[in-house]
Each structure stands twice: as structure tokens, then as C-alpha cells.
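J.: Data file run.cif (mmCIF, C-alpha atoms and all ligand atoms) is appended below.
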data_data
loop_
_atom_site.label_atom_id
_atom_site.label_comp_id
_atom_site.auth_asym_id
_atom_site.auth_seq_id
_atom_site.Cartn_x
_atom_site.Cartn_y
_atom_site.Cartn_z
CA MET A 1 -104.32 25.36 179.20
CA SER A 2 -102.05 23.81 181.79
CA ASP A 3 -99.87 20.73 181.99
CA ALA A 4 -101.60 19.54 185.16
CA PRO A 5 -103.80 16.45 184.78
CA PRO A 6 -107.46 17.62 184.90
CA THR A 7 -109.29 17.18 188.19
CA PRO A 8 -111.82 14.31 188.13
CA GLY A 9 -114.18 16.50 190.18
CA ILE A 10 -115.14 17.55 193.68
CA HIS A 11 -113.37 15.71 196.54
CA HIS A 12 -115.32 17.06 199.52
CA VAL A 13 -117.34 20.08 200.63
CA THR A 14 -116.90 21.52 204.12
CA CYS A 15 -119.64 23.56 205.80
CA ILE A 16 -120.42 25.33 209.05
CA ALA A 17 -123.13 23.99 211.33
CA GLY A 18 -124.51 24.91 214.76
CA ASP A 19 -125.56 22.17 217.17
CA PRO A 20 -123.45 19.02 216.55
CA GLN A 21 -126.20 16.56 217.57
CA GLN A 22 -128.72 18.20 215.24
CA ASN A 23 -126.13 18.05 212.45
CA LEU A 24 -125.47 14.32 213.05
CA ASP A 25 -129.16 13.45 213.27
CA PHE A 26 -129.99 15.16 209.99
CA TRP A 27 -127.07 14.03 207.84
CA VAL A 28 -126.94 10.45 209.14
CA GLU A 29 -130.56 9.61 209.91
CA THR A 30 -132.63 11.85 207.63
CA LEU A 31 -130.30 11.89 204.60
CA GLY A 32 -128.81 8.45 205.23
CA LEU A 33 -125.13 9.25 204.78
CA ARG A 34 -122.51 7.32 206.72
CA LEU A 35 -120.48 9.07 209.40
CA VAL A 36 -117.07 7.93 208.14
CA LYS A 37 -114.95 10.02 210.48
CA ARG A 38 -115.62 11.65 213.81
CA SER A 39 -112.74 13.98 214.51
CA ILE A 40 -111.80 17.52 215.46
CA ASN A 41 -111.01 20.66 213.53
CA GLN A 42 -107.22 20.41 213.27
CA ASP A 43 -106.98 24.22 213.48
CA ASP A 44 -109.44 24.44 216.44
CA PRO A 45 -109.43 21.18 218.45
CA THR A 46 -112.32 22.28 220.70
CA THR A 47 -114.65 21.84 217.70
CA TYR A 48 -115.78 18.59 216.09
CA HIS A 49 -115.18 17.79 212.46
CA PHE A 50 -117.77 15.34 211.10
CA PHE A 51 -117.33 13.61 207.74
CA PHE A 52 -120.47 12.18 206.10
CA ALA A 53 -119.97 10.08 202.98
CA ASP A 54 -120.95 6.93 201.10
CA ALA A 55 -120.31 3.46 202.60
CA GLU A 56 -116.58 3.58 201.88
CA GLY A 57 -115.72 7.27 202.05
CA THR A 58 -115.08 7.34 198.30
CA PRO A 59 -113.45 10.58 197.05
CA GLY A 60 -116.27 12.78 195.77
CA THR A 61 -118.80 11.75 198.43
CA SER A 62 -117.84 13.47 201.68
CA MET A 63 -119.76 16.38 203.08
CA THR A 64 -117.98 17.61 206.19
CA PHE A 65 -119.00 20.00 208.95
CA PHE A 66 -117.50 22.14 211.65
CA PRO A 67 -120.27 22.57 214.24
CA TRP A 68 -119.24 25.97 215.59
CA GLU A 69 -122.04 26.52 218.07
CA ASN A 70 -121.00 30.03 219.09
CA LEU A 71 -120.92 31.38 215.57
CA ARG A 72 -123.91 33.36 214.30
CA GLN A 73 -126.25 32.39 211.51
CA GLY A 74 -124.58 32.88 208.13
CA LYS A 75 -125.93 34.32 204.93
CA VAL A 76 -125.31 32.79 201.54
CA GLY A 77 -123.92 35.37 199.14
CA THR A 78 -121.36 36.33 196.54
CA GLY A 79 -117.95 34.71 196.89
CA GLN A 80 -119.38 31.49 198.30
CA VAL A 81 -120.61 28.09 197.27
CA SER A 82 -124.31 28.96 197.24
CA ARG A 83 -125.66 25.41 196.98
CA THR A 84 -124.34 21.87 197.10
CA ALA A 85 -126.03 19.14 195.06
CA PHE A 86 -125.95 15.36 195.51
CA ARG A 87 -126.68 12.57 193.05
CA VAL A 88 -129.60 10.23 193.76
CA PRO A 89 -130.91 7.41 191.53
CA GLU A 90 -133.39 8.22 188.81
CA GLY A 91 -136.92 7.66 190.14
CA SER A 92 -136.13 8.28 193.80
CA LEU A 93 -137.37 11.86 194.20
CA ASP A 94 -140.87 10.70 195.28
CA PHE A 95 -139.21 8.75 198.09
CA TRP A 96 -137.25 11.84 199.10
CA GLU A 97 -140.27 14.15 199.06
CA ASP A 98 -142.17 11.71 201.30
CA ARG A 99 -139.17 11.47 203.60
CA PHE A 100 -138.84 15.24 203.77
CA GLU A 101 -142.56 15.49 204.67
CA ASP A 102 -142.18 12.82 207.39
CA HIS A 103 -139.08 14.46 208.87
CA GLY A 104 -140.27 18.06 208.61
CA VAL A 105 -137.50 19.05 206.19
CA ASP A 106 -137.79 22.47 204.53
CA TYR A 107 -137.91 21.66 200.79
CA GLU A 108 -139.02 23.37 197.59
CA ASP A 109 -140.75 22.32 194.37
CA ARG A 110 -138.71 20.29 191.91
CA VAL A 111 -137.07 22.21 189.09
CA GLU A 112 -135.72 21.12 185.71
CA ARG A 113 -132.15 22.14 184.99
CA PHE A 114 -129.94 21.07 182.08
CA ASP A 115 -132.43 18.22 181.40
CA GLU A 116 -132.20 16.88 184.95
CA THR A 117 -134.73 17.06 187.79
CA VAL A 118 -133.57 18.82 190.94
CA LEU A 119 -135.14 18.76 194.42
CA PRO A 120 -133.93 21.74 196.50
CA PHE A 121 -134.02 21.64 200.31
CA TYR A 122 -132.33 23.04 203.43
CA ASP A 123 -130.59 21.33 206.31
CA PRO A 124 -131.54 22.35 209.90
CA ASP A 125 -128.96 25.17 209.86
CA GLY A 126 -130.49 26.57 206.66
CA LEU A 127 -127.71 25.23 204.42
CA PRO A 128 -128.99 25.14 200.81
CA VAL A 129 -128.72 21.61 199.39
CA GLU A 130 -130.33 19.75 196.51
CA LEU A 131 -130.80 16.25 195.18
CA VAL A 132 -130.42 15.63 191.45
CA ALA A 133 -131.90 12.48 189.90
CA VAL A 134 -129.32 10.79 187.66
CA ASP A 135 -128.86 7.45 185.99
CA ILE A 136 -126.32 5.68 188.25
CA PRO A 137 -124.10 3.41 186.10
CA ASP A 138 -123.46 -0.20 187.16
CA ASP A 139 -119.76 0.52 187.57
CA ASP A 140 -120.33 3.69 189.61
CA PRO A 141 -117.40 4.37 191.95
CA THR A 142 -119.70 5.16 194.90
CA VAL A 143 -121.11 2.55 197.30
CA PRO A 144 -124.53 3.31 198.84
CA TRP A 145 -124.90 3.28 202.64
CA THR A 146 -128.26 1.73 203.41
CA GLU A 147 -128.67 1.94 207.18
CA PHE A 148 -131.49 4.50 206.93
CA VAL A 149 -132.23 4.86 203.19
CA PRO A 150 -132.64 1.95 200.72
CA ASP A 151 -130.06 1.56 197.98
CA ASP A 152 -132.49 2.56 195.21
CA ALA A 153 -132.73 6.02 196.79
CA ALA A 154 -129.42 6.46 198.66
CA ILE A 155 -127.28 9.53 197.97
CA ARG A 156 -124.38 8.66 195.65
CA GLY A 157 -121.86 11.42 196.16
CA PHE A 158 -121.79 14.95 194.88
CA HIS A 159 -123.45 16.13 191.72
CA SER A 160 -122.26 19.74 191.72
CA VAL A 161 -121.66 22.95 193.55
CA THR A 162 -123.02 26.31 192.46
CA LEU A 163 -120.76 29.34 192.92
CA TRP A 164 -122.12 32.87 193.32
CA LEU A 165 -119.51 35.23 191.93
CA GLY A 166 -119.20 38.98 191.50
CA ASP A 167 -117.43 38.71 188.15
CA SER A 168 -117.17 35.14 187.00
CA GLN A 169 -114.59 35.66 184.23
CA ARG A 170 -111.39 35.09 186.22
CA THR A 171 -112.94 32.23 188.19
CA GLU A 172 -113.88 30.58 184.92
CA ASP A 173 -110.23 30.84 183.84
CA VAL A 174 -109.18 29.04 187.03
CA LEU A 175 -111.79 26.31 186.45
CA ARG A 176 -110.51 25.82 182.89
CA THR A 177 -106.95 25.62 184.23
CA MET A 178 -108.14 22.87 186.59
CA GLY A 179 -109.45 20.96 183.58
CA LEU A 180 -113.16 21.76 183.75
CA ASP A 181 -114.86 22.56 180.43
CA GLU A 182 -117.80 24.87 179.90
CA THR A 183 -120.62 22.66 178.67
CA ALA A 184 -123.84 24.70 178.73
CA SER A 185 -125.60 27.84 179.89
CA GLU A 186 -129.20 28.28 180.92
CA ALA A 187 -131.27 31.33 181.80
CA LEU A 188 -132.27 31.42 185.47
CA PRO A 189 -135.91 31.85 186.54
CA ALA A 190 -136.97 35.49 186.95
CA ASP A 191 -137.00 35.34 190.78
CA SER A 192 -133.40 34.04 191.00
CA ARG A 193 -130.16 35.72 191.88
CA GLY A 194 -128.27 36.32 188.62
CA GLU A 195 -129.47 35.91 185.08
CA GLU A 196 -127.66 32.87 183.82
CA ARG A 197 -126.19 29.60 185.09
CA THR A 198 -123.09 28.32 183.28
CA ARG A 199 -122.03 24.73 183.80
CA PHE A 200 -118.44 23.50 183.87
CA ALA A 201 -117.77 19.76 183.77
CA ALA A 202 -114.80 17.79 185.10
CA THR A 203 -113.65 14.44 183.76
CA GLY A 204 -115.04 12.12 186.48
CA THR A 205 -118.56 10.84 187.19
CA VAL A 206 -118.90 11.96 190.82
CA GLY A 207 -118.82 15.63 191.78
CA GLN A 208 -118.41 16.38 188.14
CA TYR A 209 -120.00 19.82 187.82
CA VAL A 210 -119.36 23.37 188.93
CA ASP A 211 -122.12 25.84 188.09
CA VAL A 212 -121.27 29.52 187.97
CA VAL A 213 -123.70 32.40 188.50
CA SER A 214 -122.72 36.08 188.37
CA THR A 215 -124.63 37.94 191.06
CA THR A 216 -124.28 40.36 193.94
CA ALA A 217 -125.59 39.29 197.33
CA THR A 218 -123.98 40.11 200.66
CA ALA A 219 -122.40 37.01 202.20
CA ARG A 220 -121.72 36.28 205.83
CA GLN A 221 -119.91 33.17 206.97
CA GLY A 222 -121.76 31.34 209.73
CA HIS A 223 -124.20 28.50 210.35
CA GLY A 224 -125.70 27.20 207.13
CA THR A 225 -122.89 28.27 204.79
CA VAL A 226 -120.13 26.44 202.94
CA HIS A 227 -116.60 26.95 204.25
CA HIS A 228 -114.74 25.56 201.23
CA VAL A 229 -114.92 23.13 198.35
CA ALA A 230 -112.13 20.64 197.65
CA PHE A 231 -111.29 19.19 194.25
CA GLN A 232 -109.61 15.87 193.58
CA THR A 233 -105.94 15.83 192.71
CA PRO A 234 -105.47 12.07 193.18
CA SER A 235 -101.68 11.91 193.67
CA ASP A 236 -99.08 14.27 195.15
CA THR A 237 -97.67 14.69 191.64
CA ASP A 238 -101.09 15.68 190.27
CA GLN A 239 -101.52 18.11 193.12
CA SER A 240 -98.11 19.70 192.70
CA ALA A 241 -98.72 20.20 188.96
CA MET A 242 -102.15 21.68 189.66
CA ARG A 243 -100.72 23.94 192.35
CA THR A 244 -98.23 25.35 189.83
CA ALA A 245 -100.91 25.71 187.15
CA VAL A 246 -103.36 27.65 189.32
CA GLN A 247 -100.54 29.80 190.70
CA GLU A 248 -99.85 30.90 187.13
CA THR A 249 -103.40 32.27 186.92
CA GLY A 250 -102.54 34.68 189.75
CA VAL A 251 -103.99 32.92 192.81
CA ARG A 252 -101.79 32.25 195.84
CA PRO A 253 -101.88 28.59 196.90
CA THR A 254 -100.59 27.43 200.29
CA ASN A 255 -97.92 24.79 200.59
CA GLN A 256 -99.16 21.22 201.02
CA ILE A 257 -100.77 20.63 204.43
CA ASP A 258 -101.16 17.12 205.89
CA ARG A 259 -104.85 16.63 206.72
CA HIS A 260 -104.20 13.05 207.86
CA TRP A 261 -106.79 11.38 205.54
CA PHE A 262 -105.65 13.42 202.54
CA ARG A 263 -103.06 16.08 201.79
CA SER A 264 -104.27 19.54 200.90
CA VAL A 265 -103.39 22.79 199.17
CA TYR A 266 -105.70 25.78 199.64
CA PHE A 267 -106.24 28.98 197.69
CA ARG A 268 -108.89 31.64 197.28
CA GLU A 269 -110.10 31.81 193.71
CA PRO A 270 -110.35 35.36 192.27
CA ASN A 271 -113.89 35.94 193.62
CA GLY A 272 -112.99 34.80 197.12
CA VAL A 273 -114.35 31.23 197.27
CA LEU A 274 -111.95 29.03 199.24
CA PHE A 275 -110.80 26.15 197.02
CA GLU A 276 -108.79 23.15 198.16
CA LEU A 277 -106.89 20.53 196.18
CA ALA A 278 -107.03 17.17 197.99
CA THR A 279 -105.23 13.89 197.32
CA SER A 280 -107.19 10.61 197.21
CA GLY A 281 -105.04 8.97 199.85
CA PRO A 282 -104.36 7.86 202.48
CA GLY A 283 -108.17 7.87 202.91
CA TYR A 284 -110.62 7.39 205.77
CA THR A 285 -109.70 3.71 206.24
CA SER A 286 -106.04 4.52 206.89
CA ASP A 287 -106.57 4.63 210.67
CA GLU A 288 -109.84 2.72 211.23
CA PRO A 289 -111.18 -0.52 209.73
CA LEU A 290 -113.89 -0.02 207.10
CA ASP A 291 -116.60 -1.60 209.28
CA GLU A 292 -115.78 0.66 212.24
CA LEU A 293 -115.56 4.03 210.50
CA GLY A 294 -116.94 6.89 212.55
CA GLU A 295 -117.58 4.88 215.71
CA LYS A 296 -115.04 6.62 217.88
CA LEU A 297 -113.39 10.03 218.11
CA VAL A 298 -110.23 9.93 216.01
CA LEU A 299 -107.48 12.33 217.03
CA PRO A 300 -104.82 12.60 214.33
CA GLY A 301 -101.11 12.74 215.12
CA GLU A 302 -100.07 14.78 218.14
CA PHE A 303 -103.70 15.44 219.19
CA GLU A 304 -103.95 11.88 220.53
CA THR A 305 -101.63 12.85 223.39
CA GLN A 306 -104.22 15.49 224.47
CA ARG A 307 -107.23 13.16 224.28
CA GLY A 308 -108.44 13.70 227.85
CA GLN A 309 -108.60 17.48 227.55
CA ILE A 310 -110.01 17.43 224.00
CA GLU A 311 -112.81 15.03 224.96
CA ALA A 312 -113.65 17.13 228.00
CA ASP A 313 -114.03 20.22 225.79
CA LEU A 314 -116.33 18.56 223.23
CA ALA A 315 -120.11 18.24 223.59
CA ASP A 316 -121.44 14.69 224.10
CA VAL A 317 -123.11 13.35 220.97
CA THR A 318 -124.86 10.13 219.98
CA VAL A 319 -124.47 8.83 216.44
CA PRO A 320 -127.88 7.67 215.13
CA ARG A 321 -128.08 3.91 214.58
CA ALA A 322 -130.93 2.13 212.87
CA ASP A 323 -131.23 -0.43 215.71
CA ARG A 324 -131.26 2.35 218.29
CA VAL A 325 -133.91 4.34 216.42
CA ASP A 326 -136.11 1.24 216.11
CA ALA A 327 -135.73 0.54 219.83
CA ASP A 328 -136.80 4.09 220.61
CA ALA A 329 -139.92 3.65 218.50
CA ASP A 330 -141.09 0.55 220.44
ZN ZN B 401 -111.24 20.53 203.17
#
Show me this structure written as C-alpha cells.
Ligand code: ZN

T.:
Amino acid sequence: MSDAPPTPGIHHVTCIAGDPQQNLDFWVETLGLRLVKRSINQDDPTTYHFFFADAEGTPGTSMTFFPWENLRQGKVGTGQVSRTAFRVPEGSLDFWEDRFEDHGVDYEDRVERFDETVLPFYDPDGLPVELVAVDIPDDDPTVPWTEFVPDDAAIRGFHSVTLWLGDSQRTEDVLRTMGLDETASEALPADSRGEERTRFAATGTVGQYVDVVSTTATARQGHGTVHHVAFQTPSDTDQSAMRTAVQETGVRPTNQIDRHWFRSVYFREPNGVLFELATSGPGYTSDEPLDELGEKLVLPGEFETQRGQIEADLADVTVPRADRVDADAD
């Protein structure tokens, strides 16, 4: 046990994509998330960084991508987040299956897992994703974005991530240190990687679960893989306490890094998955009004002084808009 306040859950998940326009079209138009920030990779300003989230960019809802076009196709394997799951309202999976048919999305049959129904699918880069039907409470912290998907089906933040690990024991110790509790285990179907899925639950309602599977599968970072998963440490004090607590388990966290919309600490957990601890603030509305999120390229801090060169190096993209799509259809 540690003195750090437990994490409420996942803060964001960051993945690697190929073509930036294809990435925008799928995550905004097909899945209906809101582009809440259009920026650059702060470690590689020639690459975009897209943030897709709920209507307000609530912590626990943002799926972010680096579209690194020159990178090769990745391979999901051990030491990675193998699948990212989102919450959708109970009763909406028929809508989603129809939508996946209409949009030519690669999806699989529904499965039952821990008494919930799960619809697995892949994004255009082959990233494994799933939708989990859950009862969304009236006081849910997420706010649906309804430009492309109605509110009774809209994605409502993360449900879980699944980790593929060589030897899950030490990772499980880190998860417990972060305040997640083991809640259940379930045998995996015979054709799966690994034999058993063990679920750890955080204290919040969004991005609450981390599922752990012990397996061996060769991983390769590239298009269609997760780069890292971030967990919520709402305040700097929470984050500092958590940093100390995880350090005592033997991992080596970085110092705090200012990521402009949140402040971050990174470490590799014992099986090699890159974890991040992210503060809730200042948030995506700290430099753009809520109703204009994602409309223009935001260059944090010193990067603004290099805007001309940065824009020249980035591919042109068009953010899907419902009015624009309708006009195209006429
Ligand atoms: Zn991150």
C-alpha cells in the first residue's frame, strides 16, 4: 500500500497512426468523437498530435494520436496495451454494428466479458479497439458529442485498457500501488492469447479498468499500436505522491514535464508498457474557448514563434464537419 491518493482511472491513451486525414475521418466522423485539440508532437514538431474526446475534453475521455506516416505497420504484442475499450450506452451496440457495416469498419462478433457485452473492432490502421455497453449514470462526468452520433449511442470515455504482459506479477504490484484493486478473473476463449484475464478497478467511473493478460507475443511499435496510457493524478500533489509511491516499487519515473494541457510524469512499468501520470489541469480549454476546440492548429509555448515553418512541414488536413459532409452528399 502507498500513501498516494488512488488514481480515479485512465486519463488518456496515445496511439500511433499513419495517414493523418484517414485518422481524423475515422475518429471524428465514424466514431463521433470531438477533435478537442489539433496540435503537434512536442518532441517532434513535424508530426501532428490529435486529441479526440467527449464534448468537453473531460479527463478519462481523450484518445490521442501521433500520425507518423513514415513509420511501418506495428504489431500488437507483449509489453503493450493490446486493446483500448470505450463506454457506450446500454442498448446502442445495434446502432454501432449498423454504422460499422455502413462505413466498412472491420469488426468482430460481440463477446460477453465480466457480465458486459463487448463489440471489438479495428481502426483503419489496424488498432484494436472495442465498445462496451454500460449503464451511463445521470450524473456521469462525461458529456456526449453529438455532431455525428446521437447521444443515446455516443462514446462516453474510456472503459478499460488490456495489457499483454510477459509476467504480470510485478505489474500487478504497480497497479495496486496506484490504487487499483483486483476485482475478478475470467478464463479467456481457447483461441486467445493467454489463458486468463484479470481485472483491476480504479475508484472513478470513467476509464476505471485495467485488464491484465499474461502472454508472449512479439510486439513492434508502429501504425495501429498504443504508444502509452496515462492515468489521472488530478493535482500536482497527487502526482508527486504517486511518483514517489511507484518509484518505491522499483520503476524509474521521469521528473514532471509540462505538456501544456496537463503536467506529466512517465515511467515504464516492469513489463515495459509506458505509463504516464497526468494532472487534470489546466485542461484543453486553457488556451481555446470550449466552442472552438480543435478548430485551429495550437502551438504551445515557444513553438508559436516557429508557426510558419511548422505549418509548412505538416500535411494539409480537413476536419470532418456534419454540415460539410451533408453538403458533399447533395
Ligand atoms: Zn500522454

J.: Contacts of Thr47 (chain A) at 10 Å or less, counting all atoms listed in the file, minus same-chain residues fewer than 3 places along, as a ChimeraX atom specification?

T.: /A:20,39-44,50,65-69,310,313-315

J.: Give me, please, the distance in Å between CA of Ala201 (chain A) and CA of Asp181 (chain A), quoted to one decimal.

T.: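 Separation between CA of Ala201 (chain A) and CA of Asp181 (chain A): 5.2 Å.
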
J.: Enclose all atoms of region 219-222 of chain A listed in the file in an axis-aligned box, grow every side by 5 Å, and hand back centre and edge lengths in Å to one decimal, as JSON.

T.:
{"center_x": -121.2, "center_y": 34.2, "center_z": 206.0, "size_x": 12.5, "size_y": 15.7, "size_z": 17.5}

J.: Here is a test: counting only C-alpha atoms and all ligand atoms, which residue of A:Asp258, A:Asp140, A:Asp125, A:Glu304 is nearest to ligand ZN 401 (chain B)?

T.: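 Under the stated criterion, the closest residue is A:Asp258.
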
J.: Using only C-alpha atoms and all ligand atoms, which residues of the polymer chains come no farther than 8 Å from ligand ZN 401 (chain B)? I'd like the answer as a PyMOL selection string.

T.: chain A and resi 12-14+64+228-230+264+276+278

J.: Produce a file of the selected residues containing C-alpha atoms, as a PDB file, in the frame of the given file.

T.:
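Resulting contents of selection_18.pdb:
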ATOM      1  CA  HIS A  12    -115.320  17.060 199.520  1.00  0.00           C
ATOM      2  CA  VAL A  13    -117.340  20.080 200.630  1.00  0.00           C
ATOM      3  CA  THR A  14    -116.900  21.520 204.120  1.00  0.00           C
ATOM      4  CA  THR A  64    -117.980  17.610 206.190  1.00  0.00           C
ATOM      5  CA  HIS A 228    -114.740  25.560 201.230  1.00  0.00           C
ATOM      6  CA  VAL A 229    -114.920  23.130 198.350  1.00  0.00           C
ATOM      7  CA  ALA A 230    -112.130  20.640 197.650  1.00  0.00           C
ATOM      8  CA  SER A 264    -104.270  19.540 200.900  1.00  0.00           C
ATOM      9  CA  GLU A 276    -108.790  23.150 198.160  1.00  0.00           C
ATOM     10  CA  ALA A 278    -107.030  17.170 197.990  1.00  0.00           C
TER      11      ALA A 278
END

J.: Using only C-alpha atoms for the distances, tell me which of A:Val213, A:Val246, A:Leu31, A:Val129 is nearest to Pro150 (chain A).

T.: A:Leu31

J.: Contacts of Ala53 (chain A) at 7 Å or less, counting only C-alpha atoms, minus same-chain residues fewer than 6 places along, as a list in words?

T.: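 What passes the distance filter is Leu33, Arg34, Leu35, Val36, Thr61, Ser62 and Met63 of chain A.
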
J.: Can you tell me how far CA of Ser192 (chain A) sits from CA of Ser214 (chain A), in Å to one decimal?

T.: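 Separating CA of Ser192 (chain A) from CA of Ser214 (chain A) is a distance of 11.2 Å.
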
J.: How would region 83-103 of chain A read, as a tab-separated table (two decimals), in the coordinates of the input, once N, CA, C and O atoms are built in?

T.:
chain	number	residue	atom	x	y	z
A	83	ARG	N	-124.87	26.62	196.79
A	83	ARG	CA	-125.66	25.41	196.98
A	83	ARG	C	-124.83	24.19	196.61
A	83	ARG	O	-124.02	24.25	195.68
A	84	THR	N	-125.05	23.13	197.34
A	84	THR	CA	-124.34	21.87	197.10
A	84	THR	C	-125.36	20.83	196.68
A	84	THR	O	-126.40	20.67	197.32
A	85	ALA	N	-125.08	20.12	195.59
A	85	ALA	CA	-126.03	19.14	195.06
A	85	ALA	C	-125.45	17.74	195.12
A	85	ALA	O	-124.25	17.54	194.88
A	86	PHE	N	-126.33	16.77	195.44
A	86	PHE	CA	-125.95	15.36	195.51
A	86	PHE	C	-126.69	14.56	194.45
A	86	PHE	O	-127.81	14.89	194.08
A	87	ARG	N	-126.06	13.48	194.00
A	87	ARG	CA	-126.68	12.57	193.05
A	87	ARG	C	-127.57	11.57	193.81
A	87	ARG	O	-127.15	11.01	194.83
A	88	VAL	N	-128.76	11.34	193.28
A	88	VAL	CA	-129.60	10.23	193.76
A	88	VAL	C	-130.11	9.49	192.54
A	88	VAL	O	-130.16	10.05	191.44
A	89	PRO	N	-130.48	8.19	192.70
A	89	PRO	CA	-130.91	7.41	191.53
A	89	PRO	C	-132.17	7.98	190.90
A	89	PRO	O	-133.08	8.45	191.60
A	90	GLU	N	-132.20	7.89	189.59
A	90	GLU	CA	-133.39	8.22	188.81
A	90	GLU	C	-134.60	7.53	189.45
A	90	GLU	O	-134.52	6.38	189.83
A	91	GLY	N	-135.70	8.26	189.60
A	91	GLY	CA	-136.92	7.66	190.14
A	91	GLY	C	-137.06	7.73	191.64
A	91	GLY	O	-138.05	7.27	192.20
A	92	SER	N	-136.07	8.29	192.33
A	92	SER	CA	-136.13	8.28	193.80
A	92	SER	C	-136.65	9.58	194.41
A	92	SER	O	-136.78	9.67	195.64
A	93	LEU	N	-136.99	10.57	193.60
A	93	LEU	CA	-137.37	11.86	194.20
A	93	LEU	C	-138.72	11.79	194.93
A	93	LEU	O	-138.92	12.53	195.90
A	94	ASP	N	-139.63	10.88	194.51
A	94	ASP	CA	-140.87	10.70	195.28
A	94	ASP	C	-140.56	10.22	196.69
A	94	ASP	O	-141.13	10.69	197.68
A	95	PHE	N	-139.64	9.25	196.78
A	95	PHE	CA	-139.21	8.75	198.09
A	95	PHE	C	-138.69	9.92	198.94
A	95	PHE	O	-139.05	10.06	200.12
A	96	TRP	N	-137.87	10.76	198.33
A	96	TRP	CA	-137.25	11.84	199.10
A	96	TRP	C	-138.28	12.88	199.53
A	96	TRP	O	-138.22	13.39	200.65
A	97	GLU	N	-139.23	13.20	198.65
A	97	GLU	CA	-140.27	14.15	199.06
A	97	GLU	C	-141.08	13.60	200.23
A	97	GLU	O	-141.38	14.33	201.19
A	98	ASP	N	-141.44	12.33	200.18
A	98	ASP	CA	-142.17	11.71	201.30
A	98	ASP	C	-141.34	11.77	202.58
A	98	ASP	O	-141.85	12.07	203.66
A	99	ARG	N	-140.05	11.47	202.43
A	99	ARG	CA	-139.17	11.47	203.60
A	99	ARG	C	-139.05	12.89	204.18
A	99	ARG	O	-139.05	13.07	205.40
A	100	PHE	N	-138.94	13.86	203.30
A	100	PHE	CA	-138.84	15.24	203.77
A	100	PHE	C	-140.13	15.66	204.50
A	100	PHE	O	-140.08	16.35	205.52
A	101	GLU	N	-141.29	15.23	203.97
A	101	GLU	CA	-142.56	15.49	204.67
A	101	GLU	C	-142.54	14.86	206.06
A	101	GLU	O	-142.83	15.52	207.06
A	102	ASP	N	-142.17	13.56	206.11
A	102	ASP	CA	-142.18	12.82	207.39
A	102	ASP	C	-141.23	13.44	208.41
A	102	ASP	O	-141.49	13.39	209.61
A	103	HIS	N	-140.10	13.95	207.94
A	103	HIS	CA	-139.08	14.46	208.87
A	103	HIS	C	-139.13	15.98	209.03
A	103	HIS	O	-138.26	16.56	209.66
